[in-house]
Structures are given as C-alpha cells and as structure tokens.
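Asks: Quick one: structure below, then a few questions.
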Amino acid sequence: MTGPALSCDDLPFFFDPLHTGVARQARTFAAAWQATESDAGAETRRAVAALAEAGLTRWCVPEKFGGAFVGRPEGIDVRACTLVREALGWADGLLDTAFAMQGLGSLPITLAGTDAQKAAYLPGILDGTRLGAFALTEPEAGSDVGALQCTARRDGDAWVLDGAKTFISNAGVAGQYVLFANADPAAGRRGITAFIVEPDDAGFAVEPLEVIAPHPIGTLRLTGCRLPADRLLGEVGGGFKLAMATLDAFRTTVAGAALGMARRAQDEAIARARARHQFGQPIMAQQQVAAALADSATELDAARLLVYRAAHARDTRTDRVSKEVAMAKLFATEAAQRVIDRAVQIHGGLGVTRGVAVERLYREIRALRIYEGTSEIQRVIIASQL
Ligand SMILES: Cc1cc2nc3c(=O)[nH]c(=O)nc-3n(C[C@H](O)[C@H](O)[C@H](O)COP(=O)(O)OP(=O)(O)OC[C@H]3O[C@@H](n4cnc5c(N)ncnc54)[C@H](O)[C@@H]3O)c2cc1C
C-alpha cells in the first residue's frame with residue numbers, strides 16, 4: 001500500500017494550497033508507519049515522538065510557540081488537522097489517537113492559558129516530550145457532562161480537587177491533564193472550572209482500563225489533590241465553555257479519522273476482491289460483492305463531502321456551525337462502521353483473523369461512534385438547530 005488517496009486532490013474547492021502540503025506530508029508519514037500491537041502506552045510514546053519528528057504536532061500548537069497556526073485565535077486549522085487524521089487513521093488507530101490527544105490535551109491551554117502556562121506546557125506538546133490528556137468524563141457524567149461531580153475548593157493559595165474521571169485517553173502516559181472540576185456545585189455547569197494536573201501531583205492516581213483496540217486509557221482518582229494556584233486554567237466558572245469550544249474544534253477531526261479508517265478498509269476490500277478467486281473467477285466478478293463495494297464507495301464519498309464541508313465551514317465562517325459538524329461526525333463514523341463491516345465480509349474468514357488489517361479496523365472504528373459525543377448526542381445537536 002502506498003498511502004491513502006488525498007481528499008484535497010478531488011475536493012479542491014474546500015482547501016487552500018497549504019492543505020495539500022500538509023496532506024502529502026501526512027500521507028508519506030502514514031505510508032511508512034509500522035504499527036505494532038505491543039503495550040499501548042509505549043506505542044503511544046513512540047507515535048508521539050515520530051509525529052513530532054515529522055513536524056506533524058506543529059498543527060496542534062500556535063505559531064508563537066513554534067507551531068503552525070497562523071492568525072487563528074480560536075486555535076486549530078480544522079481542515080489541516082482533519083486531513084492529518086484521515087491519513088493517520090488510514091495507517092493505524094493508535095497513531096491517530098496519539099496525534100488527536102496532543103491537540104485535545106493542549107487546545108484548552110492555547111485558548112485560555114496565561115503566557116506562563118503556554119510557555120510551560122506547549123513546547124513539550126510540540127516536541128513530543130509531553131503527552132496531553134483531556135479529562136472531562138466521569139463515572140456518573142458521560143453524555144451529560146454538565147452534571148460532573150468532581151469538586152475543586154480553594155484552600156489558601158492552593159486548589160484542592162476531589163472526585164474521579166473515567167475513560168481518559170493517555171491516562172498513565174500523559175505529562176499534563178487538562179481536567180474539569182466544579183468550583184461552585186450550587187451554580188451547576190456555571191461552576192465548572194478547568195485545571196492543569198501533572199502526574200506527580202499529590203493525591204492523583206491512575207487506574208488503567210482495557211478497551212477493544214490498543215489505546216492507553218484509564219480512570220483518574222483525585223483524593224485531596226492539591227494544586228498550586230497557577231494551575232487554574234482560564235476563569236473560575238469558565239470550564240464548561242472551554243471544554244465545549246475544544247470539543248467543537250476537534251469533533252470534525254474525529255470524522256476525518258473515521259474517513260481514513262473506512263478508506264483503508266475499502267482499499268483492502270478491493271485488493272482482496274480482485275485477488276481472491278472462487279467459482280473460477282475473482283470474487284469481484286460476483287455482483288453481490290461488487291455491489292457492496294459500490295455502496296461503500298458511495299457512502300465514503302458522501303461522508304467526505306459532509307466532513308470537509310464542516311471543516312471548511314469551521315475554518316471560514318464566524319456563525320455557528322454545530323449542525324454541520326454534528327452531521328459530519330454522525331454520518332462519517334456510522335458510515336465508516338458499515339464500510340469496515342462490508343470489508344470484513346468480503347475477506348470471509350480471513351477478515352476475523354488477528355493480524356489482518358480489516359480485523360484491526362473493525363475494533364478500532366467502534367469507539368469513534370461513542371467518544372466526543374455519541375451518535376445519539378450528534379442527532380440531539382442537529383435536531384436542536386432545525
Ligand atoms: C476509547 C474512548 C476514549 C475516550 N477518551 C476520552 C477522553 O480522553 N476524555 C474524556 O473526557 N472522555 C473520553 N471518553 C469518554 C466519552 O466521551 C464518553 O464515553 C461518551 O461521552 C459517552 O458517555 P458514557 O460512556 O458515559 O455514555 P452515556 O452518557 O451513559 O450514554 C449511554 C447511552 O445513552 C445514550 N444517551 C445518553 N444521553 C442521551 C440523550 N440525551 N439522547 C439520546 N441518547 C442518549 C448515549 O448515546 C449512549 O448510547 C472516551 C471514551 C472512549 C470509548
């Protein structure tokens with residue numbers, strides 16, 4: 001395989017010339033990447049180091065700190081990050097998440113951090129020496145994040161955090177956790193406040209979780225976790241808005257990763273349908289197999305149009321584009337699941353064999369319909385805008 005086809009080549013109307021450069025760079029990187037299913041934490045560290053070496057983490061950090069964002073106070077170039085995730089998702093789901101978490105775990109600092117916080121935390125994201133994490137979900141607050149129960153109270157010069165966070169990507173390997181707690185529970189979501197937690201902070205502990213595909217993830221326990229005052233990120237009570245702004249920027253890129261995974265599955269399915277002979281001819285000559293591939297090709301292109309419409313809108317419009325973004329995430333992740341399932345079917349028994357690309361993709365795609373807003377929550381967002 002020589003790498004994924006580039007969405008900027010056949011959908012040029014959504015892109016500026018700089019995007020073609022980023023996409024080519026990401027494709028070259030993705031085509032050369034050798035994925036392994038060894039320890040997910042070690043593999044993520046290796047992935048982040050390689051992404052930094054290739055200059056791709058530049059797309060997670062503002063220009064002032066050596067990154068690539070130019071003149072975008074709101075943070076990221078969504079089209080660039082979506083193209084990068086499309087290429088990385090084609091190669092390896094863990095590689096894609098490694099990139100995404102450098103962005104998700106640092107964008108709140110880019111958006112709301114003081115100059116001192118930016119200087120302390122962004123260079124490590126850029127050079128890959130610090131892995132990022134974004135800790136919002138709790139055992140009792142998933143889709144309804146406004147109901148989070150983790151508390152923060154002021155004690156002299158310090159903040160003291162208590163509670164738990166769960167399903168936190170990069171738990172145990174991150175060097176910085178942007179974590180959301182409520183500093184004024186009586187005020188509901190208007191009390192939610194962001195903090196930066198470091199792994200060595202007293203009262204902070206990680207319990208690893210194991211999920212369907214390789215992914216460093218775990219539960220965070222905060223027990224009287226004491227933070228110096230300068231770990232407050234943004235304003236007291238500004239956390240909910242900051243979390244939503246961060247997720248809003250990255251949601252389209254999740255859809256980009258789904259496109260990459262689906263495209264890889266389709267590439268593998270076409271290659272298999274040409275190579276595999278049954279009844280004296282390639283299975284591609286069977287109408288039912290060809291029709292499945294045609295359906296996948298069509299759904300994939302429909303998804304690409306929705307995803308890059310949303311990315312373009314997010315980059316160029318100043319009005320609210322939540323509907324376009326939610327449609328892109330909903331359709332692309334659900335379509336990718338169907339495309340990958342068809343690719344497994346076309347591979348027959350080989351498709352469920354460990355070590356085969358479509359089997360890995362079948363496990364990797366599943367979480368994308370759940371994280372950063374489930375498909376059902378995307379429908380709630382779309383309906384609210386109708
Ligand atoms: C691999 C992975 C990585 C993750 N990484 C992170 C991370 O780094 N940081 C982080 O903070 N979180 C992370 N998450 C958590 C993720 O964001 C949540 O799992 C997700 O928001 C759903 O929350 P929940 O699991 O509690 O499900 P619930 O909210 O309990 O939902 C259960 C079901 O009910 C449905 N439902 C709930 N409310 C409604 C509604 N109003 N209308 C219709 N249906 C509804 C949901 O769609 C879902 O089908 C990750 C999750 C996974 C799987």
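Residues in the structure tokens are named by chain (A, B, ... in the order shown) and by number from 1 within that chain; ligands are numbered from 1 in the order shown.
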Kindly compile the residues surrounding ligand 1 within 9 Å, counting only C-alpha atoms and all ligand atoms, and format them as a PyMOL selection string.
Replies: chain A and resi 97+101+104-105+133-145+165-171+179-180+211-213+215-218+364+366-380
Asks: Save out the residues we just selected, N, CA and C atoms, as a CSV table (one decimal), in the first residue's frame.
Replies:
```csv
chain,number,residue,atom,x,y,z
A,97,THR,N,-4.9,8.5,17.4
A,97,THR,CA,-5.3,9.0,18.7
A,97,THR,C,-4.1,9.7,19.4
A,101,MET,N,-4.7,13.5,20.7
A,101,MET,CA,-4.6,13.8,22.1
A,101,MET,C,-3.6,15.0,22.3
A,104,LEU,N,-6.1,17.8,21.6
A,104,LEU,CA,-7.2,17.9,22.6
A,104,LEU,C,-6.6,18.3,24.0
A,105,GLY,N,-5.5,17.7,24.3
A,105,GLY,CA,-4.9,18.0,25.6
A,105,GLY,C,-4.2,19.3,25.7
A,133,ALA,N,-3.6,15.2,27.8
A,133,ALA,CA,-4.8,14.5,28.1
A,133,ALA,C,-5.9,15.5,28.4
A,134,PHE,N,-7.1,15.1,28.2
A,134,PHE,CA,-8.3,15.9,28.4
A,134,PHE,C,-9.3,15.2,29.2
A,135,ALA,N,-9.5,15.6,30.5
A,135,ALA,CA,-10.2,14.8,31.4
A,135,ALA,C,-11.6,15.5,31.8
A,136,LEU,N,-12.6,15.0,31.1
A,136,LEU,CA,-13.9,15.6,31.3
A,136,LEU,C,-14.9,14.5,31.8
A,137,THR,N,-15.0,13.4,31.2
A,137,THR,CA,-16.0,12.3,31.5
A,137,THR,C,-15.8,11.8,32.9
A,138,GLU,N,-16.9,11.5,33.6
A,138,GLU,CA,-16.8,10.9,34.9
A,138,GLU,C,-17.7,9.7,35.0
A,139,PRO,N,-17.6,8.8,36.0
A,139,PRO,CA,-18.4,7.6,36.1
A,139,PRO,C,-19.9,8.0,36.0
A,140,GLU,N,-20.3,9.1,36.6
A,140,GLU,CA,-21.8,9.4,36.6
A,140,GLU,C,-22.1,10.6,35.6
A,141,ALA,N,-21.1,11.0,34.8
A,141,ALA,CA,-21.4,12.1,33.9
A,141,ALA,C,-20.6,11.9,32.6
A,142,GLY,N,-21.4,11.3,31.6
A,142,GLY,CA,-20.8,11.0,30.3
A,142,GLY,C,-21.4,11.9,29.3
A,143,SER,N,-22.5,11.6,28.7
A,143,SER,CA,-23.1,12.5,27.7
A,143,SER,C,-23.5,13.8,28.4
A,144,ASP,N,-24.0,13.7,29.6
A,144,ASP,CA,-24.4,14.8,30.4
A,144,ASP,C,-23.2,15.4,31.2
A,145,VAL,N,-22.2,16.0,30.5
A,145,VAL,CA,-21.0,16.4,31.2
A,145,VAL,C,-21.3,17.6,32.1
A,165,LYS,N,-12.4,10.7,37.3
A,165,LYS,CA,-12.6,10.9,35.9
A,165,LYS,C,-12.4,9.5,35.3
A,166,THR,N,-13.2,9.2,34.2
A,166,THR,CA,-13.0,7.9,33.6
A,166,THR,C,-13.0,7.9,32.1
A,167,PHE,N,-12.5,6.9,31.5
A,167,PHE,CA,-12.3,6.8,30.1
A,167,PHE,C,-11.4,7.9,29.6
A,168,ILE,N,-10.3,8.2,30.3
A,168,ILE,CA,-9.4,9.3,29.9
A,168,ILE,C,-8.3,8.8,29.1
A,169,SER,N,-8.3,9.2,27.8
A,169,SER,CA,-7.2,8.7,26.9
A,169,SER,C,-5.9,9.3,27.4
A,170,ASN,N,-4.8,8.5,27.2
A,170,ASN,CA,-3.5,8.8,27.7
A,170,ASN,C,-3.3,8.8,29.2
A,171,ALA,N,-4.3,8.3,29.9
A,171,ALA,CA,-4.1,8.1,31.4
A,171,ALA,C,-2.9,7.3,31.6
A,179,LEU,N,-8.1,19.2,33.2
A,179,LEU,CA,-9.1,18.4,34.0
A,179,LEU,C,-10.2,19.4,34.4
A,180,PHE,N,-11.4,19.0,34.3
A,180,PHE,CA,-12.6,19.9,34.6
A,180,PHE,C,-13.2,19.4,36.0
A,211,VAL,N,-9.5,-1.5,26.6
A,211,VAL,CA,-10.6,-1.4,25.7
A,211,VAL,C,-10.4,-2.3,24.4
A,212,ILE,N,-11.3,-2.2,23.5
A,212,ILE,CA,-11.4,-3.2,22.4
A,212,ILE,C,-10.2,-3.1,21.4
A,213,ALA,N,-9.6,-1.9,21.3
A,213,ALA,CA,-8.5,-1.8,20.4
A,213,ALA,C,-7.3,-1.1,21.2
A,215,HIS,N,-5.1,1.2,23.0
A,215,HIS,CA,-5.4,2.6,23.3
A,215,HIS,C,-5.1,2.8,24.8
A,216,PRO,N,-4.2,3.7,25.2
A,216,PRO,CA,-3.9,3.9,26.6
A,216,PRO,C,-5.0,4.7,27.2
A,217,ILE,N,-5.7,4.2,28.2
A,217,ILE,CA,-6.9,4.8,28.7
A,217,ILE,C,-7.1,4.4,30.2
A,218,GLY,N,-7.7,5.2,31.0
A,218,GLY,CA,-7.9,4.8,32.4
A,218,GLY,C,-8.8,5.7,33.2
A,364,GLU,N,-11.0,-0.9,15.8
A,364,GLU,CA,-10.6,0.5,16.0
A,364,GLU,C,-11.8,1.5,15.8
A,366,ARG,N,-15.0,1.3,16.4
A,366,ARG,CA,-16.2,1.3,17.2
A,366,ARG,C,-16.2,2.4,18.2
A,367,ALA,N,-15.1,2.8,18.8
A,367,ALA,CA,-15.1,3.9,19.8
A,367,ALA,C,-15.5,5.2,19.2
A,368,LEU,N,-15.2,5.4,17.9
A,368,LEU,CA,-15.5,6.7,17.3
A,368,LEU,C,-16.9,7.1,17.3
A,369,ARG,N,-17.8,6.1,17.3
A,369,ARG,CA,-19.3,6.5,17.4
A,369,ARG,C,-19.7,6.8,18.8
A,370,ILE,N,-18.7,6.7,19.8
A,370,ILE,CA,-19.1,7.0,21.2
A,370,ILE,C,-18.3,8.2,21.7
A,371,TYR,N,-17.0,8.3,21.4
A,371,TYR,CA,-16.3,9.5,22.1
A,371,TYR,C,-16.5,10.8,21.4
A,372,GLU,N,-16.3,11.9,22.1
A,372,GLU,CA,-16.6,13.3,21.7
A,372,GLU,C,-18.0,13.4,21.2
A,373,GLY,N,-18.9,12.8,22.0
A,373,GLY,CA,-20.3,12.9,21.7
A,373,GLY,C,-20.8,11.7,20.9
A,374,THR,N,-21.7,10.9,21.5
A,374,THR,CA,-22.2,9.7,20.8
A,374,THR,C,-23.0,10.1,19.6
A,375,SER,N,-23.3,9.1,18.8
A,375,SER,CA,-24.2,9.4,17.6
A,375,SER,C,-25.5,10.0,18.0
A,376,GLU,N,-26.0,9.4,19.1
A,376,GLU,CA,-27.3,9.9,19.6
A,376,GLU,C,-27.2,11.4,20.0
A,377,ILE,N,-26.1,11.8,20.6
A,377,ILE,CA,-26.0,13.2,21.0
A,377,ILE,C,-25.8,14.1,19.8
A,378,GLN,N,-25.1,13.6,18.7
A,378,GLN,CA,-25.0,14.3,17.5
A,378,GLN,C,-26.4,14.6,16.9
A,379,ARG,N,-27.3,13.6,17.0
A,379,ARG,CA,-28.6,13.8,16.5
A,379,ARG,C,-29.4,14.9,17.3
A,380,VAL,N,-29.1,14.9,18.6
A,380,VAL,CA,-29.7,15.9,19.5
A,380,VAL,C,-29.3,17.3,19.1
```
Asks: When DSSP is applied to the backbone of this structure, which of segment 179-228 of chain A are assigned strand (DSSP E or B)? Write them out as number ranges by chain.
Replies: A: 179-182, 192-197, 204-209, 217-228
Asks: Would you save the residues from that selection as a CSV table (one decimal), in the first residue's frame, using N, CA and C atoms?
Replies:
```csv
chain,number,residue,atom,x,y,z
A,179,LEU,N,-8.1,19.2,33.2
A,179,LEU,CA,-9.1,18.4,34.0
A,179,LEU,C,-10.2,19.4,34.4
A,180,PHE,N,-11.4,19.0,34.3
A,180,PHE,CA,-12.6,19.9,34.6
A,180,PHE,C,-13.2,19.4,36.0
A,181,ALA,N,-13.4,20.4,36.9
A,181,ALA,CA,-14.0,20.2,38.2
A,181,ALA,C,-14.9,21.3,38.5
A,182,ASN,N,-15.8,21.1,39.4
A,182,ASN,CA,-16.8,22.1,39.8
A,182,ASN,C,-16.4,22.9,41.0
A,192,ILE,N,-18.3,25.0,36.6
A,192,ILE,CA,-17.2,24.1,36.1
A,192,ILE,C,-16.0,24.9,35.7
A,193,THR,N,-14.9,24.4,36.1
A,193,THR,CA,-13.6,25.2,36.0
A,193,THR,C,-12.5,24.2,35.6
A,194,ALA,N,-11.6,24.7,34.7
A,194,ALA,CA,-10.5,23.9,34.2
A,194,ALA,C,-9.2,24.1,35.0
A,195,PHE,N,-8.5,23.0,35.1
A,195,PHE,CA,-7.2,23.0,35.9
A,195,PHE,C,-6.2,22.2,35.0
A,196,ILE,N,-4.9,22.4,35.3
A,196,ILE,CA,-3.9,21.6,34.7
A,196,ILE,C,-3.3,20.7,35.9
A,197,VAL,N,-3.4,19.4,35.7
A,197,VAL,CA,-2.9,18.5,36.7
A,197,VAL,C,-1.7,17.8,36.1
A,204,PHE,N,-3.1,12.3,43.3
A,204,PHE,CA,-3.6,12.0,42.0
A,204,PHE,C,-3.1,10.5,41.6
A,205,ALA,N,-4.1,9.7,41.2
A,205,ALA,CA,-3.7,8.3,40.9
A,205,ALA,C,-4.4,7.9,39.6
A,206,VAL,N,-3.8,6.9,38.9
A,206,VAL,CA,-4.4,6.4,37.7
A,206,VAL,C,-4.7,4.9,37.8
A,207,GLU,N,-5.9,4.5,37.3
A,207,GLU,CA,-6.2,3.0,37.2
A,207,GLU,C,-6.4,2.7,35.8
A,208,PRO,N,-5.6,1.9,35.2
A,208,PRO,CA,-5.7,1.6,33.7
A,208,PRO,C,-7.0,0.8,33.4
A,209,LEU,N,-7.5,1.1,32.2
A,209,LEU,CA,-8.7,0.3,31.7
A,209,LEU,C,-8.2,-0.3,30.4
A,217,ILE,N,-5.7,4.2,28.2
A,217,ILE,CA,-6.9,4.8,28.7
A,217,ILE,C,-7.1,4.4,30.2
A,218,GLY,N,-7.7,5.2,31.0
A,218,GLY,CA,-7.9,4.8,32.4
A,218,GLY,C,-8.8,5.7,33.2
A,219,THR,N,-8.9,5.4,34.4
A,219,THR,CA,-9.7,6.2,35.4
A,219,THR,C,-8.7,7.0,36.2
A,220,LEU,N,-9.0,8.3,36.5
A,220,LEU,CA,-8.2,9.1,37.3
A,220,LEU,C,-8.9,9.3,38.7
A,221,ARG,N,-8.2,9.1,39.8
A,221,ARG,CA,-8.7,9.4,41.1
A,221,ARG,C,-8.0,10.6,41.7
A,222,LEU,N,-8.9,11.5,42.2
A,222,LEU,CA,-8.4,12.7,42.8
A,222,LEU,C,-8.8,12.7,44.3
A,223,THR,N,-7.9,12.6,45.2
A,223,THR,CA,-8.2,12.5,46.6
A,223,THR,C,-7.5,13.6,47.3
A,224,GLY,N,-8.1,14.7,47.6
A,224,GLY,CA,-7.5,15.8,48.2
A,224,GLY,C,-6.3,16.3,47.4
A,225,CYS,N,-6.4,16.2,46.1
A,225,CYS,CA,-5.3,16.5,45.1
A,225,CYS,C,-5.1,18.0,45.2
A,226,ARG,N,-3.9,18.4,45.7
A,226,ARG,CA,-3.6,19.8,45.9
A,226,ARG,C,-2.8,20.4,44.8
A,227,LEU,N,-3.3,21.5,44.2
A,227,LEU,CA,-2.6,22.1,43.1
A,227,LEU,C,-2.3,23.6,43.4
A,228,PRO,N,-1.1,24.0,43.0
A,228,PRO,CA,-0.8,25.4,43.2
A,228,PRO,C,-1.8,26.3,42.4
```
Asks: What separation in Å, quoted to one decimal, exists between atom CA of Ala271 of chain A and atom CA of Ala5 of chain A?
Replies: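 Atom-to-atom, atom CA of Ala271 of chain A to atom CA of Ala5 of chain A, that is 14.8 Å.
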Asks: Tell me, as an mmCIF file with C-alpha atoms, in the first residue's frame, which residues lie within 12 Å of Ala32 of chain A, counting only C-alpha atoms; anything in the same chain fewer than 4 positions away does not count.
Replies:
```cif
data_model
loop_
_atom_site.group_PDB
_atom_site.id
_atom_site.type_symbol
_atom_site.label_atom_id
_atom_site.label_comp_id
_atom_site.auth_asym_id
_atom_site.auth_seq_id
_atom_site.Cartn_x
_atom_site.Cartn_y
_atom_site.Cartn_z
ATOM 1 C CA MET A 1 0.000 0.000 0.000
ATOM 2 C CA THR A 2 1.414 3.400 -0.934
ATOM 3 C CA GLY A 3 -0.697 5.503 1.408
ATOM 4 C CA PRO A 4 -4.186 6.926 1.304
ATOM 5 C CA GLN A 25 3.353 15.113 4.365
ATOM 6 C CA ALA A 26 0.848 13.155 6.456
ATOM 7 C CA ARG A 27 0.396 10.568 3.682
ATOM 8 C CA THR A 28 4.149 9.962 3.377
ATOM 9 C CA ALA A 50 7.601 10.152 15.481
ATOM 10 C CA LEU A 51 4.801 12.685 14.856
ATOM 11 C CA ALA A 54 7.906 14.571 11.233
ATOM 12 C CA ALA A 87 -4.056 9.884 6.755
ATOM 13 C CA LEU A 88 -3.186 8.617 10.247
ATOM 14 C CA TRP A 90 -5.759 5.001 7.361
ATOM 15 C CA ALA A 91 -2.451 3.756 8.828
ATOM 16 C CA ASP A 92 -3.197 2.978 12.499
#
```
Asks: Would you mind reading off the distance between atom CA of Trp159 of chain A and atom CA of Ala229 of chain A, one decimal, in Å?
Replies: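 Answer for the atom CA of Trp159 of chain A to atom CA of Ala229 of chain A separation: 6.2 Å.
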Asks: Residues of segment 239-290 of chain A classed as alpha helix (DSSP H) by DSSP on the backbone are to be reported as a VMD selection string.
Replies: chain A and resid 239 to 275 287 to 290
Asks: For a test of reading the model, state the distance in Å between atom CA of Gly113 of chain A and atom CA of Leu233 of chain A, rounded to one decimal.
Replies: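 Separation between atom CA of Gly113 of chain A and atom CA of Leu233 of chain A: 5.7 Å.
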Asks: If you take only C-alpha atoms and a cut-off of 12 Å, which residues of segment 289-327 of chain A touch segment 275-283 of chain A, and what are their nearest atom pairs and distances in Å to one decimal, in chain and number order, as CSV?
Replies:
```
residue,atom,partner,partner_atom,distance
A:Val289,CA,A:Ile283,CA,6.7
A:Ala290,CA,A:Ile283,CA,8.3
A:Ala291,CA,A:Ile283,CA,11.5
A:Ala292,CA,A:Ile283,CA,11.6
A:Leu293,CA,A:Ile283,CA,11.4
```
Asks: Select, from A:Gln345, A:Gln286, A:Thr151, A:Thr110, the residue with the minimum atom-to-atom distance to Gly67 of chain A, counting only C-alpha atoms.
Replies: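 Comparing A:Gln345, A:Gln286, A:Thr151, A:Thr110 against Gly67 of chain A, the winner is A:Thr110.
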